[in-house]
file query-v4.cif (mmCIF, C-alpha atoms and all ligand atoms)
data_input
#
loop_
_atom_site.label_atom_id
_atom_site.label_comp_id
_atom_site.auth_asym_id
_atom_site.auth_seq_id
_atom_site.Cartn_x
_atom_site.Cartn_y
_atom_site.Cartn_z
CA MET Q 788 49.88 63.18 -35.10
CA THR Q 789 46.46 61.91 -36.20
CA SER Q 790 44.79 59.94 -33.43
CA ARG Q 791 43.16 56.62 -34.23
CA ASN Q 792 39.85 58.36 -33.53
CA GLU Q 793 40.45 60.81 -36.35
CA SER Q 794 41.62 58.17 -38.83
CA LEU Q 795 38.63 55.94 -38.01
CA PHE Q 796 36.25 58.89 -38.42
CA ALA Q 797 37.81 59.73 -41.79
CA ARG Q 798 37.40 56.08 -42.85
CA SER Q 799 33.83 55.75 -41.56
CA GLN Q 800 32.71 58.84 -43.50
CA ARG Q 801 33.62 56.99 -46.68
CA VAL Q 802 31.07 54.24 -46.09
CA ILE Q 803 28.52 55.56 -43.53
CA PRO Q 804 26.55 58.81 -44.00
CA GLY Q 805 28.31 61.34 -41.77
CA GLY Q 806 30.40 58.48 -40.42
CA VAL Q 807 27.75 57.57 -37.84
CA ASN Q 808 24.69 55.37 -37.52
CA SER Q 809 22.73 58.01 -35.64
CA PRO Q 810 23.13 61.77 -36.26
CA VAL Q 811 23.62 62.98 -32.67
CA ARG Q 812 26.81 60.86 -32.46
CA ALA Q 813 28.52 62.98 -35.14
CA PHE Q 814 29.37 65.86 -32.77
CA LYS Q 815 27.78 68.27 -35.31
CA SER Q 816 26.26 70.30 -32.47
CA VAL Q 817 29.47 70.61 -30.43
CA GLY Q 818 32.04 70.39 -33.26
CA GLY Q 819 35.15 68.26 -33.33
CA VAL Q 820 35.70 64.57 -33.97
CA PRO Q 821 33.40 61.97 -32.37
CA VAL Q 822 35.05 59.53 -29.98
CA PHE Q 823 35.19 55.89 -31.05
CA PHE Q 824 34.88 53.67 -27.99
CA THR Q 825 36.16 50.12 -27.69
CA ARG Q 826 35.02 49.03 -24.24
CA GLY Q 827 33.28 50.12 -21.07
CA ARG Q 828 33.13 48.97 -17.49
CA GLY Q 829 30.93 50.49 -14.82
CA ALA Q 830 30.94 54.30 -15.15
CA TRP Q 831 33.98 54.24 -17.47
CA LEU Q 832 34.61 54.07 -21.21
CA TRP Q 833 37.85 53.64 -23.16
CA ASP Q 834 38.37 55.01 -26.66
CA VAL Q 835 40.40 53.54 -29.53
CA ASP Q 836 43.45 55.50 -28.29
CA ASP Q 837 42.95 53.80 -24.91
CA ARG Q 838 41.98 57.06 -23.21
CA ALA Q 839 39.55 56.69 -20.28
CA TYR Q 840 36.37 58.73 -19.77
CA ILE Q 841 33.71 58.96 -17.08
CA ASP Q 842 30.53 58.35 -19.09
CA TYR Q 843 27.43 60.57 -18.63
CA VAL Q 844 25.74 59.49 -21.88
CA GLY Q 845 25.24 55.83 -20.97
CA SER Q 846 24.27 55.04 -24.58
CA TRP Q 847 21.61 57.82 -24.23
CA GLY Q 848 20.02 56.20 -21.20
CA PRO Q 849 20.06 52.36 -21.36
CA MET Q 850 23.25 51.77 -19.31
CA ILE Q 851 21.66 52.58 -15.93
CA LEU Q 852 23.65 49.79 -14.23
CA GLY Q 853 26.91 50.93 -15.81
CA HIS Q 854 28.76 49.21 -18.65
CA ALA Q 855 29.32 45.42 -18.80
CA HIS Q 856 27.46 44.61 -15.60
CA PRO Q 857 28.47 40.97 -15.01
CA GLU Q 858 24.91 39.74 -14.37
CA VAL Q 859 23.62 41.35 -17.57
CA VAL Q 860 26.53 40.03 -19.63
CA GLN Q 861 26.03 36.54 -18.23
CA ALA Q 862 22.26 36.62 -18.97
CA VAL Q 863 23.01 37.63 -22.57
CA GLN Q 864 25.65 34.91 -22.98
CA GLU Q 865 23.30 32.24 -21.63
CA ALA Q 866 20.41 33.33 -23.85
CA ALA Q 867 22.64 33.57 -26.94
CA ALA Q 868 23.95 30.05 -26.38
CA GLY Q 869 20.41 28.74 -26.93
CA SER Q 870 19.98 30.57 -30.27
CA LEU Q 871 19.70 34.28 -30.99
CA SER Q 872 16.16 34.25 -32.30
CA PHE Q 873 13.21 32.00 -33.04
CA GLY Q 874 10.53 34.30 -34.46
CA ALA Q 875 8.14 32.39 -32.23
CA PRO Q 876 6.81 32.85 -28.68
CA THR Q 877 9.26 32.23 -25.82
CA GLU Q 878 8.71 32.03 -22.06
CA ARG Q 879 11.30 34.80 -21.55
CA GLU Q 880 9.27 37.42 -23.42
CA LEU Q 881 6.20 36.30 -21.45
CA GLU Q 882 8.20 36.92 -18.26
CA MET Q 883 9.09 40.41 -19.54
CA ALA Q 884 5.45 41.17 -20.37
CA GLU Q 885 4.32 39.99 -16.91
CA LEU Q 886 7.03 42.11 -15.28
CA LEU Q 887 6.17 45.26 -17.26
CA THR Q 888 2.43 44.94 -16.59
CA THR Q 889 3.28 44.57 -12.89
CA LEU Q 890 5.79 47.43 -12.63
CA VAL Q 891 3.73 49.79 -14.84
CA PRO Q 892 0.09 49.18 -13.78
CA SER Q 893 -1.31 51.40 -16.56
CA MET Q 894 0.09 48.85 -19.03
CA GLU Q 895 -2.66 46.21 -18.82
CA LEU Q 896 -1.43 44.64 -22.05
CA VAL Q 897 2.02 45.19 -23.60
CA ARG Q 898 3.70 44.45 -26.89
CA LEU Q 899 7.48 44.24 -27.28
CA VAL Q 900 9.27 45.85 -30.23
CA SER Q 901 12.93 46.58 -31.09
CA SER Q 902 13.30 50.33 -30.55
CA GLY Q 903 11.68 53.40 -29.05
CA THR Q 904 10.75 54.61 -32.52
CA GLU Q 905 8.84 51.41 -33.20
CA ALA Q 906 7.06 51.79 -29.88
CA THR Q 907 5.91 55.38 -30.50
CA MET Q 908 5.09 54.79 -34.17
CA SER Q 909 2.93 51.81 -33.20
CA ALA Q 910 1.27 53.68 -30.33
CA ILE Q 911 0.28 56.52 -32.68
CA ARG Q 912 -1.20 54.12 -35.23
CA LEU Q 913 -3.06 52.30 -32.45
CA ALA Q 914 -4.46 55.56 -31.03
CA ARG Q 915 -5.72 56.54 -34.47
CA GLY Q 916 -7.18 53.07 -35.08
CA PHE Q 917 -8.89 53.01 -31.68
CA THR Q 918 -10.40 56.50 -31.82
CA GLY Q 919 -11.04 56.68 -35.57
CA ARG Q 920 -9.50 60.16 -35.44
CA ASN Q 921 -6.38 61.45 -37.19
CA VAL Q 922 -5.04 64.44 -35.26
CA ILE Q 923 -2.01 63.92 -33.02
CA VAL Q 924 -0.73 66.60 -30.63
CA LYS Q 925 2.98 66.78 -29.78
CA PHE Q 926 5.16 69.47 -28.22
CA GLU Q 927 8.02 71.51 -29.67
CA GLY Q 928 11.33 70.16 -28.38
CA CYS Q 929 9.99 66.70 -27.61
CA TYR Q 930 11.45 63.89 -29.71
CA HIS Q 931 9.68 60.58 -30.10
CA GLY Q 932 11.93 58.77 -32.58
CA HIS Q 933 12.01 59.13 -36.35
CA GLY Q 934 8.54 57.89 -37.33
CA ASP Q 935 7.11 60.11 -40.11
CA ALA Q 936 4.09 61.35 -38.15
CA LEU Q 937 6.35 62.68 -35.39
CA LEU Q 938 9.08 64.34 -37.47
CA VAL Q 939 7.15 67.58 -37.34
CA LYS Q 940 7.95 71.15 -36.47
CA ALA Q 941 5.51 73.78 -35.36
CA GLY Q 942 3.21 75.16 -38.02
CA SER Q 943 3.34 78.83 -38.99
CA GLY Q 944 0.54 79.74 -36.57
CA ALA Q 945 -0.15 78.55 -33.06
CA LEU Q 946 -2.91 76.21 -34.10
CA THR Q 947 -1.86 75.36 -37.62
CA PHE Q 948 -0.84 71.82 -38.43
CA GLY Q 949 2.84 70.94 -38.40
CA GLN Q 950 5.30 70.95 -41.25
CA PRO Q 951 7.76 68.08 -41.77
CA SER Q 952 11.01 68.59 -39.83
CA SER Q 953 12.75 66.21 -42.20
CA ALA Q 954 13.04 65.88 -45.96
CA GLY Q 955 11.27 62.84 -47.30
CA VAL Q 956 8.22 63.24 -45.04
CA PRO Q 957 5.17 64.12 -47.18
CA ALA Q 958 3.21 67.17 -45.99
CA GLU Q 959 0.10 64.97 -46.08
CA THR Q 960 1.67 62.89 -43.29
CA THR Q 961 2.22 65.79 -40.94
CA GLN Q 962 -0.95 67.69 -41.79
CA HIS Q 963 -2.64 65.84 -38.95
CA THR Q 964 -0.02 66.72 -36.34
CA LEU Q 965 -0.44 69.77 -34.12
CA VAL Q 966 2.73 71.06 -32.45
CA LEU Q 967 2.16 73.03 -29.24
CA ASP Q 968 4.43 74.50 -26.57
CA TYR Q 969 5.48 72.32 -23.65
CA ASN Q 970 4.00 73.56 -20.33
CA ASP Q 971 1.66 75.94 -22.18
CA VAL Q 972 -1.71 75.17 -20.57
CA PRO Q 973 -3.71 77.92 -22.33
CA GLY Q 974 -2.36 76.71 -25.68
CA LEU Q 975 -3.44 73.18 -24.88
CA GLU Q 976 -6.87 74.37 -23.81
CA ARG Q 977 -7.26 76.35 -27.05
CA ALA Q 978 -6.30 73.33 -29.14
CA PHE Q 979 -8.89 71.15 -27.41
CA ALA Q 980 -11.53 73.86 -27.56
CA GLU Q 981 -11.05 74.14 -31.32
CA ARG Q 982 -10.19 70.61 -32.34
CA GLY Q 983 -10.84 68.34 -29.37
CA ASP Q 984 -13.21 66.09 -31.26
CA ASP Q 985 -10.59 65.44 -33.95
CA ILE Q 986 -7.68 64.67 -31.62
CA ALA Q 987 -6.76 60.97 -31.49
CA ALA Q 988 -3.99 61.42 -28.94
CA VAL Q 989 -1.53 63.71 -27.23
CA ILE Q 990 2.01 62.34 -26.98
CA LEU Q 991 4.68 63.85 -24.77
CA GLU Q 992 7.85 63.18 -22.89
CA PRO Q 993 6.55 63.38 -19.28
CA VAL Q 994 9.94 64.78 -18.34
CA ALA Q 995 11.44 66.28 -21.48
CA GLY Q 996 14.97 65.12 -22.22
CA ASN Q 997 15.36 65.89 -25.92
CA MET Q 998 15.46 69.65 -25.56
CA ASN Q 999 17.74 68.98 -22.62
CA LEU Q 1000 15.90 68.39 -19.34
CA VAL Q 1001 12.65 70.34 -18.84
CA ARG Q 1002 10.18 69.39 -16.10
CA PRO Q 1003 6.45 69.52 -16.68
CA THR Q 1004 4.41 71.78 -14.38
CA ASP Q 1005 1.69 70.14 -12.29
CA ALA Q 1006 -0.91 72.30 -14.05
CA PHE Q 1007 0.32 71.01 -17.43
CA MET Q 1008 0.13 67.40 -16.30
CA GLN Q 1009 -3.36 67.83 -14.87
CA ALA Q 1010 -4.60 69.66 -17.96
CA LEU Q 1011 -3.27 66.91 -20.23
CA ARG Q 1012 -5.19 64.22 -18.37
CA THR Q 1013 -8.40 66.24 -17.94
CA LEU Q 1014 -8.60 67.56 -21.50
CA THR Q 1015 -7.86 64.21 -23.16
CA GLU Q 1016 -10.36 62.38 -20.96
CA ARG Q 1017 -13.06 65.00 -21.61
CA SER Q 1018 -12.62 64.86 -25.41
CA GLY Q 1019 -12.22 61.09 -25.82
CA SER Q 1020 -8.58 61.52 -26.90
CA LEU Q 1021 -5.81 59.26 -25.62
CA LEU Q 1022 -2.90 60.40 -23.46
CA ILE Q 1023 0.36 58.75 -24.52
CA PHE Q 1024 3.34 59.01 -22.17
CA ASP Q 1025 6.50 58.49 -24.18
CA GLU Q 1026 8.63 57.02 -21.36
CA VAL Q 1027 11.34 55.69 -23.65
CA MET Q 1028 13.79 57.91 -21.75
CA THR Q 1029 12.03 58.34 -18.37
CA GLY Q 1030 10.88 54.72 -17.97
CA PHE Q 1031 12.92 53.04 -15.20
CA ARG Q 1032 15.19 56.13 -15.38
CA VAL Q 1033 13.38 58.65 -13.14
CA GLY Q 1034 12.11 55.91 -10.83
CA LEU Q 1035 10.84 52.33 -10.82
CA THR Q 1036 7.35 53.45 -11.87
CA GLY Q 1037 8.60 56.07 -14.36
CA ALA Q 1038 7.29 59.59 -14.67
CA GLN Q 1039 3.68 58.37 -14.41
CA GLY Q 1040 4.48 57.04 -10.95
CA LEU Q 1041 6.22 60.29 -9.97
CA PHE Q 1042 3.32 62.48 -11.09
CA GLY Q 1043 0.44 60.13 -10.26
CA ILE Q 1044 -0.97 60.34 -13.78
CA ARG Q 1045 -2.39 57.22 -15.47
CA PRO Q 1046 -1.83 57.54 -19.23
CA ASP Q 1047 -3.87 55.50 -21.70
CA LEU Q 1048 -0.74 54.25 -23.50
CA THR Q 1049 2.94 54.20 -22.51
CA THR Q 1050 5.98 53.65 -24.70
CA LEU Q 1051 9.26 52.27 -23.33
CA GLY Q 1052 12.79 51.75 -24.63
CA LYS Q 1053 16.40 52.28 -23.51
CA VAL Q 1054 16.62 50.94 -19.92
CA VAL Q 1055 13.99 48.28 -20.62
CA GLY Q 1056 16.52 46.55 -22.90
CA GLY Q 1057 19.59 47.23 -20.75
CA GLY Q 1058 21.56 48.22 -23.85
CA MET Q 1059 20.09 45.68 -26.26
CA PRO Q 1060 17.53 46.56 -28.99
CA LEU Q 1061 14.24 46.42 -27.08
CA GLY Q 1062 11.21 48.72 -26.85
CA ALA Q 1063 7.64 48.21 -25.69
CA PHE Q 1064 4.25 49.88 -25.81
CA GLY Q 1065 1.21 49.09 -23.73
CA GLY Q 1066 -1.79 50.43 -21.92
CA ARG Q 1067 -5.51 50.01 -21.51
CA ARG Q 1068 -6.75 46.53 -22.40
CA ASP Q 1069 -9.64 47.85 -24.55
CA ILE Q 1070 -7.14 49.83 -26.64
CA MET Q 1071 -4.41 47.19 -26.91
CA GLU Q 1072 -6.94 44.56 -27.99
CA ARG Q 1073 -7.38 46.47 -31.25
CA LEU Q 1074 -3.94 45.20 -32.27
CA ALA Q 1075 -3.49 42.35 -34.74
CA PRO Q 1076 -4.01 39.47 -34.47
CA LEU Q 1077 -6.99 40.39 -32.23
CA GLY Q 1078 -8.05 43.60 -33.93
CA PRO Q 1079 -7.71 45.70 -37.08
CA VAL Q 1080 -4.55 47.71 -36.22
CA TYR Q 1081 -1.56 46.00 -37.80
CA GLN Q 1082 1.82 45.95 -36.08
CA ALA Q 1083 4.60 43.34 -36.37
CA GLY Q 1084 8.36 42.66 -36.11
CA THR Q 1085 10.76 39.85 -36.97
CA LEU Q 1086 12.84 40.41 -33.85
CA SER Q 1087 10.10 41.70 -31.56
CA GLY Q 1088 10.62 40.20 -28.09
CA ASN Q 1089 14.03 38.88 -29.17
CA PRO Q 1090 15.18 36.38 -26.50
CA VAL Q 1091 18.72 37.81 -26.14
CA ALA Q 1092 17.49 41.42 -25.89
CA VAL Q 1093 14.80 40.36 -23.42
CA ALA Q 1094 17.41 38.49 -21.34
CA ALA Q 1095 19.42 41.73 -21.04
CA GLY Q 1096 16.26 43.65 -20.16
CA LEU Q 1097 15.10 41.15 -17.55
CA ALA Q 1098 18.53 41.11 -15.86
CA THR Q 1099 18.53 44.93 -15.83
CA LEU Q 1100 14.99 45.27 -14.48
CA ARG Q 1101 15.71 42.69 -11.81
CA LEU Q 1102 18.67 44.76 -10.58
CA VAL Q 1103 16.88 48.14 -10.63
CA GLN Q 1104 14.33 46.66 -8.23
CA THR Q 1105 17.07 46.30 -5.59
CA PRO Q 1106 15.80 48.18 -2.49
CA GLY Q 1107 17.14 51.76 -2.44
CA PHE Q 1108 18.39 51.62 -6.05
CA TYR Q 1109 16.66 54.83 -7.16
CA ASP Q 1110 17.29 56.64 -3.88
CA ARG Q 1111 21.02 56.07 -4.34
CA LEU Q 1112 20.93 56.92 -8.06
CA SER Q 1113 18.96 60.13 -7.41
CA GLU Q 1114 21.32 61.13 -4.59
CA THR Q 1115 24.39 60.65 -6.80
CA THR Q 1116 22.76 62.66 -9.58
CA ARG Q 1117 21.80 65.48 -7.21
CA THR Q 1118 25.36 65.60 -5.84
CA LEU Q 1119 26.73 65.81 -9.37
CA VAL Q 1120 24.38 68.58 -10.50
CA SER Q 1121 24.70 70.72 -7.36
CA GLY Q 1122 28.48 70.38 -7.56
CA LEU Q 1123 28.51 71.42 -11.24
CA VAL Q 1124 26.26 74.41 -10.54
CA GLU Q 1125 28.42 75.49 -7.60
CA ALA Q 1126 31.58 75.19 -9.73
CA GLY Q 1127 29.99 77.10 -12.61
CA ARG Q 1128 28.68 79.92 -10.47
CA SER Q 1129 31.99 80.22 -8.57
CA ALA Q 1130 33.65 80.77 -11.95
CA GLY Q 1131 31.14 83.52 -12.69
CA ALA Q 1132 29.27 81.54 -15.33
CA GLY Q 1133 25.51 81.97 -15.60
CA PHE Q 1134 25.00 78.28 -15.02
CA SER Q 1135 22.13 76.14 -13.75
CA GLY Q 1136 21.05 72.53 -13.60
CA ASP Q 1137 18.21 70.21 -12.73
CA CYS Q 1138 17.73 66.48 -12.33
CA VAL Q 1139 14.97 63.92 -11.97
CA GLY Q 1140 16.04 60.48 -10.78
CA GLY Q 1141 19.07 59.41 -12.79
CA MET Q 1142 18.74 61.99 -15.58
CA PHE Q 1143 20.02 65.55 -15.48
CA GLY Q 1144 20.34 68.75 -17.47
CA VAL Q 1145 22.89 71.56 -17.22
CA PHE Q 1146 22.51 74.96 -18.86
CA PHE Q 1147 24.51 78.12 -19.42
CA SER Q 1148 21.56 80.17 -18.17
CA ASP Q 1149 20.82 81.62 -14.74
CA GLU Q 1150 17.86 79.32 -14.12
CA PRO Q 1151 16.83 75.91 -15.53
CA PRO Q 1152 14.54 76.54 -18.56
CA LYS Q 1153 10.84 75.81 -18.18
CA THR Q 1154 9.98 76.06 -21.88
CA PHE Q 1155 11.51 75.31 -25.26
CA ALA Q 1156 11.97 79.05 -25.90
CA GLU Q 1157 13.91 79.40 -22.65
CA VAL Q 1158 16.11 76.42 -23.60
CA MET Q 1159 16.93 78.14 -26.89
CA ARG Q 1160 18.03 81.26 -25.00
CA ALA Q 1161 20.66 79.34 -23.02
CA ASP Q 1162 24.25 79.93 -24.21
CA LYS Q 1163 24.92 77.01 -26.56
CA GLU Q 1164 28.37 78.24 -27.61
CA ARG Q 1165 29.61 78.25 -24.02
CA PHE Q 1166 28.15 74.78 -23.52
CA ASN Q 1167 30.09 73.57 -26.57
CA ARG Q 1168 33.36 74.96 -25.19
CA PHE Q 1169 32.59 73.45 -21.78
CA PHE Q 1170 31.85 70.10 -23.44
CA HIS Q 1171 35.28 69.99 -25.10
CA GLU Q 1172 37.14 71.18 -22.00
CA MET Q 1173 35.47 68.35 -20.06
CA LEU Q 1174 36.16 65.83 -22.83
CA ASP Q 1175 39.83 66.80 -22.78
CA ARG Q 1176 39.78 66.09 -19.04
CA GLY Q 1177 38.25 62.62 -19.49
CA VAL Q 1178 34.58 63.43 -18.83
CA TYR Q 1179 32.14 62.43 -21.59
CA LEU Q 1180 29.00 64.60 -21.49
CA ALA Q 1181 26.21 64.36 -24.07
CA PRO Q 1182 27.63 65.97 -27.26
CA SER Q 1183 24.79 68.49 -27.53
CA ALA Q 1184 23.44 71.38 -25.46
CA PHE Q 1185 19.98 69.98 -26.17
CA GLU Q 1186 20.37 66.53 -24.66
CA ALA Q 1187 19.92 65.29 -21.10
CA GLY Q 1188 22.74 63.47 -19.28
CA PHE Q 1189 22.56 60.15 -17.48
CA VAL Q 1190 24.12 58.77 -14.30
CA SER Q 1191 24.47 55.04 -13.61
CA ALA Q 1192 24.47 53.01 -10.41
CA ALA Q 1193 28.19 52.48 -11.08
CA HIS Q 1194 29.00 56.21 -10.66
CA GLY Q 1195 30.52 56.44 -7.17
CA GLU Q 1196 32.09 59.16 -5.00
CA ASP Q 1197 35.37 58.83 -6.89
CA GLU Q 1198 33.76 59.48 -10.29
CA ILE Q 1199 31.77 62.44 -8.97
CA ARG Q 1200 34.84 63.96 -7.31
CA LYS Q 1201 36.92 63.53 -10.49
CA THR Q 1202 34.09 65.05 -12.54
CA LEU Q 1203 33.78 68.12 -10.29
CA ASP Q 1204 37.57 68.60 -10.24
CA ALA Q 1205 37.51 68.55 -14.06
CA ALA Q 1206 34.56 70.95 -14.09
CA ARG Q 1207 36.30 73.53 -11.90
CA ASP Q 1208 39.24 73.45 -14.34
CA ALA Q 1209 36.96 73.56 -17.37
CA PHE Q 1210 34.94 76.53 -16.10
CA GLY Q 1211 38.21 78.35 -15.43
CA ALA Q 1212 39.43 77.55 -18.94
CA ILE Q 1213 36.31 78.90 -20.67
CA ALA Q 1214 36.27 82.00 -18.46
CA ARG Q 1215 39.71 83.03 -19.77
P1 LIG Q 1301 15.03 54.91 -30.44
O1 LIG Q 1301 14.28 54.63 -31.73
O2 LIG Q 1301 16.26 55.79 -30.68
O3 LIG Q 1301 15.33 53.67 -29.60
O4 LIG Q 1301 14.04 55.76 -29.50
C1 LIG Q 1301 13.51 56.99 -29.99
C2 LIG Q 1301 13.10 57.84 -28.82
C3 LIG Q 1301 11.76 57.91 -28.48
N1 LIG Q 1301 11.34 58.65 -27.43
C4 LIG Q 1301 12.22 59.35 -26.67
C5 LIG Q 1301 11.71 60.15 -25.51
C6 LIG Q 1301 13.61 59.31 -26.97
O5 LIG Q 1301 14.49 60.02 -26.21
C7 LIG Q 1301 14.06 58.55 -28.07
C8 LIG Q 1301 15.52 58.50 -28.47
N2 LIG Q 1301 16.39 59.41 -27.77
C9 LIG Q 1301 17.62 59.78 -28.45
C10 LIG Q 1301 18.46 60.65 -27.50
N3 LIG Q 1301 17.94 61.92 -27.31
C11 LIG Q 1301 18.41 58.60 -28.92
C12 LIG Q 1301 19.80 58.94 -29.39
C13 LIG Q 1301 19.90 58.85 -30.89
O6 LIG Q 1301 18.97 59.31 -31.59
O7 LIG Q 1301 20.95 58.36 -31.35
#

call {"tool": "encode", "arguments": {"input": "query-v4.cif", "output": "structure tokens", "more": "lines below"}}
Ligand code: KE4
result
Amino acid sequence: MTSRNESLFARSQRVIPGGVNSPVRAFKSVGGVPVFFTRGRGAWLWDVDDRAYIDYVGSWGPMILGHAHPEVVQAVQEAAAGSLSFGAPTERELEMAELLTTLVPSMELVRLVSSGTEATMSAIRLARGFTGRNVIVKFEGCYHGHGDALLVKAGSGALTFGQPSSAGVPAETTQHTLVLDYNDVPGLERAFAERGDDIAAVILEPVAGNMNLVRPTDAFMQALRTLTERSGSLLIFDEVMTGFRVGLTGAQGLFGIRPDLTTLGKVVGGGMPLGAFGGRRDIMERLAPLGPVYQAGTLSGNPVAVAAGLATLRLVQTPGFYDRLSETTRTLVSGLVEAGRSAGAGFSGDCVGGMFGVFFSDEPPKTFAEVMRADKERFNRFFHEMLDRGVYLAPSAFEAGFVSAAHGEDEIRKTLDAARDAFGAIAR
């Protein structure tokens, strides 16, 4: 009997490319039919066939409080009742800007936008406008949204400029983008030795989450800051995923690195379309209407999205919030690793704050190449065995997972019970 999920997916493919509004949702990586959800509450989601799932995607990060948190819903309802948008300044977006510049001290000035892609795209243009240079350095496996300059894969040689990773991106656009290896300090040093004076900025995920979770080494972090400073290049921390996810002060607070620009998204909007970028005053003041770098948006700083973000950021400041979230995440990951290894699977995991990564490999990968050596096929089977048992993991071996404040002992226990079954099933 065809489930409602399947009939909806068949219908949606007739009017939406691939049946989804964002590719990762299509389950292409794991196979099968994507789940259509109708509602969520706390750590739980329900699909169109009214099946319940414990959610570890959290809309790819934003739902750090859990779904339908009453205070967030109320803030949205109140804001919406006063109009959805003005296209003019509001006190609420000023409050958000004051809060962000307080919580993230490196952001001396901040501009609100409507997505993480807009934030990184704008930060790149600003870095180029400020430095008068064109070259951008990014790292293989890091994703910064779908702006042309960042849809780049590594060039043929170590220090050759990138090629487009998407059709429709002119080679001229990516000829200024260098793609290096994450955590490769010698490679970074070579790039700066050869092209330092041409590099406008280095952009990275300060904890990678788009090749699954990969931590930076201290040496890598230090080299990034030293080399950019020495060459007059800017260091951009793309904290769209890590911001307010790995801790209240993001990855920059964890590692004690002060980037020149920071981009935010996801948690900052609490599930509504909101992103932000900000940093040094002398850089941000190059933005229109003050300076020559143009950037704009009809719904930038949208009052309803900002209301959701403010309610969320108020609640994540509750004393002990990140200690509890990190503890829950550590309990989850250590339990999954124990279950996997007991079933004889080469299985490992890691977590930072409320984000985690699990791998069918003996140790957590430290580089993109190591991630690619993990057993993706076994992950895909594990994913479906868990889905069948009501646990919704990220539908890709190359995505991080997310825990919310609403995940309690009951959800973790149910998840680990399902995992022990699932590991047994894939071992057979
Ligand atoms: P958005 O434009 O999707 O709001 O943000 C782009 C972006 C920028 N920087 C980082 C570090 C990101 O992780 C993202 C978006 N992340 C993906 C999940 N890996 C969003 C999910 C999707 O593309 O549907």

call {"tool": "axis_aligned_box", "arguments": {"input": "query-v4.cif", "around": "region 927-931 of chain Q", "padding_each_side": "4 Å", "output": "lines of an AutoDock Vina configuration file"}}
result
center_x = 9.7
center_y = 66.0
center_z = -28.9
size_x = 11.4
size_y = 18.9
size_z = 10.5

call {"tool": "residues_around", "arguments": {"input": "query-v4.cif", "residues": "Phe1166 (chain Q)", "least_positions_apart": "4", "cutoff": "7 Å", "atoms": "only C-alpha atoms", "output": "ChimeraX atom specification"}}
result
/Q:1147,1162,1170,1184

call {"tool": "atom_distance", "arguments": {"input": "query-v4.cif", "atom1": "CA of Arg801 (chain Q)", "atom2": "CA of His1171 (chain Q)"}}
result
25.2 Å

call {"tool": "residues_near_ligand", "arguments": {"input": "query-v4.cif", "ligand": "ligand LIG 1301 (chain Q)", "cutoff": "8 Å", "atoms": "all atoms listed in the file", "output": "ChimeraX atom specification"}}
result
/Q:808-812,846-848,901-907,929-933,991-992,995-997,1025-1029,1050-1053,1060-1062,1186-1187

call {"tool": "closest_atom_pairs", "arguments": {"input": "query-v4.cif", "of": "region 875-924 of chain Q", "to": "region 965-974 of chain Q", "cutoff": "10 Å", "atoms": "all atoms listed in the file", "output": "tab-separated table"}}
result
residue	atom	partner	partner_atom	distance
Q:Val922	CA	Q:Leu965	CA	7.1
Q:Ile923	CA	Q:Leu965	CA	6.2
Q:Val924	CA	Q:Leu965	CA	4.7

call {"tool": "write_last_selection", "arguments": {"input": "query-v4.cif", "atoms": "C-alpha atoms", "output": "short mmCIF file (atom, residue, chain, number, x, y, z; two decimals), keeping the file's coordinate frame"}}
result
data_model
loop_
_atom_site.label_atom_id
_atom_site.label_comp_id
_atom_site.auth_asym_id
_atom_site.auth_seq_id
_atom_site.Cartn_x
_atom_site.Cartn_y
_atom_site.Cartn_z
CA VAL Q 922 -5.04 64.44 -35.26
CA ILE Q 923 -2.01 63.92 -33.02
CA VAL Q 924 -0.73 66.60 -30.63
#

call {"tool": "closest_residue", "arguments": {"input": "query-v4.cif", "among": "Q:Ala914, Q:Ala884, Q:Val822, Q:Leu1035", "to": "Pro1106 (chain Q)", "atoms": "all atoms listed in the file"}}
result
Q:Leu1035

call {"tool": "atom_distance", "arguments": {"input": "query-v4.cif", "atom1": "CA of Val863 (chain Q)", "atom2": "CA of Gln1039 (chain Q)"}}
result
29.5 Å

call {"tool": "closest_residue", "arguments": {"input": "query-v4.cif", "among": "Q:Val820, Q:Thr825, Q:Ile1044, Q:Arg1032", "to": "Gln1104 (chain Q)", "atoms": "only C-alpha atoms"}}
result
Q:Arg1032

call {"tool": "residues_around", "arguments": {"input": "query-v4.cif", "residues": "Ser1018 (chain Q)", "least_positions_apart": "6", "cutoff": "9 Å", "atoms": "all atoms listed in the file", "output": "VMD selection string"}}
result
chain Q and resid 979 983 to 986

call {"tool": "atom_distance", "arguments": {"input": "query-v4.cif", "atom1": "CA of Pro1076 (chain Q)", "atom2": "CA of Leu896 (chain Q)"}}
result
13.7 Å

call {"tool": "closest_residue", "arguments": {"input": "query-v4.cif", "among": "Q:Ile851, Q:Leu1123, Q:Val891, Q:Ala1094", "to": "Gly1141 (chain Q)", "atoms": "all atoms listed in the file"}}
result
Q:Ile851

call {"tool": "closest_residue", "arguments": {"input": "query-v4.cif", "among": "Q:Phe948, Q:Ala1130, Q:Phe1189, Q:Thr960", "to": "Gly934 (chain Q)", "atoms": "only C-alpha atoms"}}
result
Q:Thr960

call {"tool": "decode", "arguments": {"input": "query-v4.cif", "residues": "region 797-805 of chain Q", "atoms": "C-alpha atoms", "output": "tab-separated table (two decimals), in the first residue's frame"}}
result
chain	number	residue	atom	x	y	z
Q	797	ALA	CA	5.36	11.45	-6.54
Q	798	ARG	CA	3.12	14.53	-6.74
Q	799	SER	CA	5.83	16.99	-5.66
Q	800	GLN	CA	8.22	15.72	-8.35
Q	801	ARG	CA	5.71	16.87	-10.94
Q	802	VAL	CA	5.97	20.52	-9.90
Q	803	ILE	CA	9.23	20.92	-7.90
Q	804	PRO	CA	12.67	19.91	-9.26
Q	805	GLY	CA	13.44	16.59	-7.56
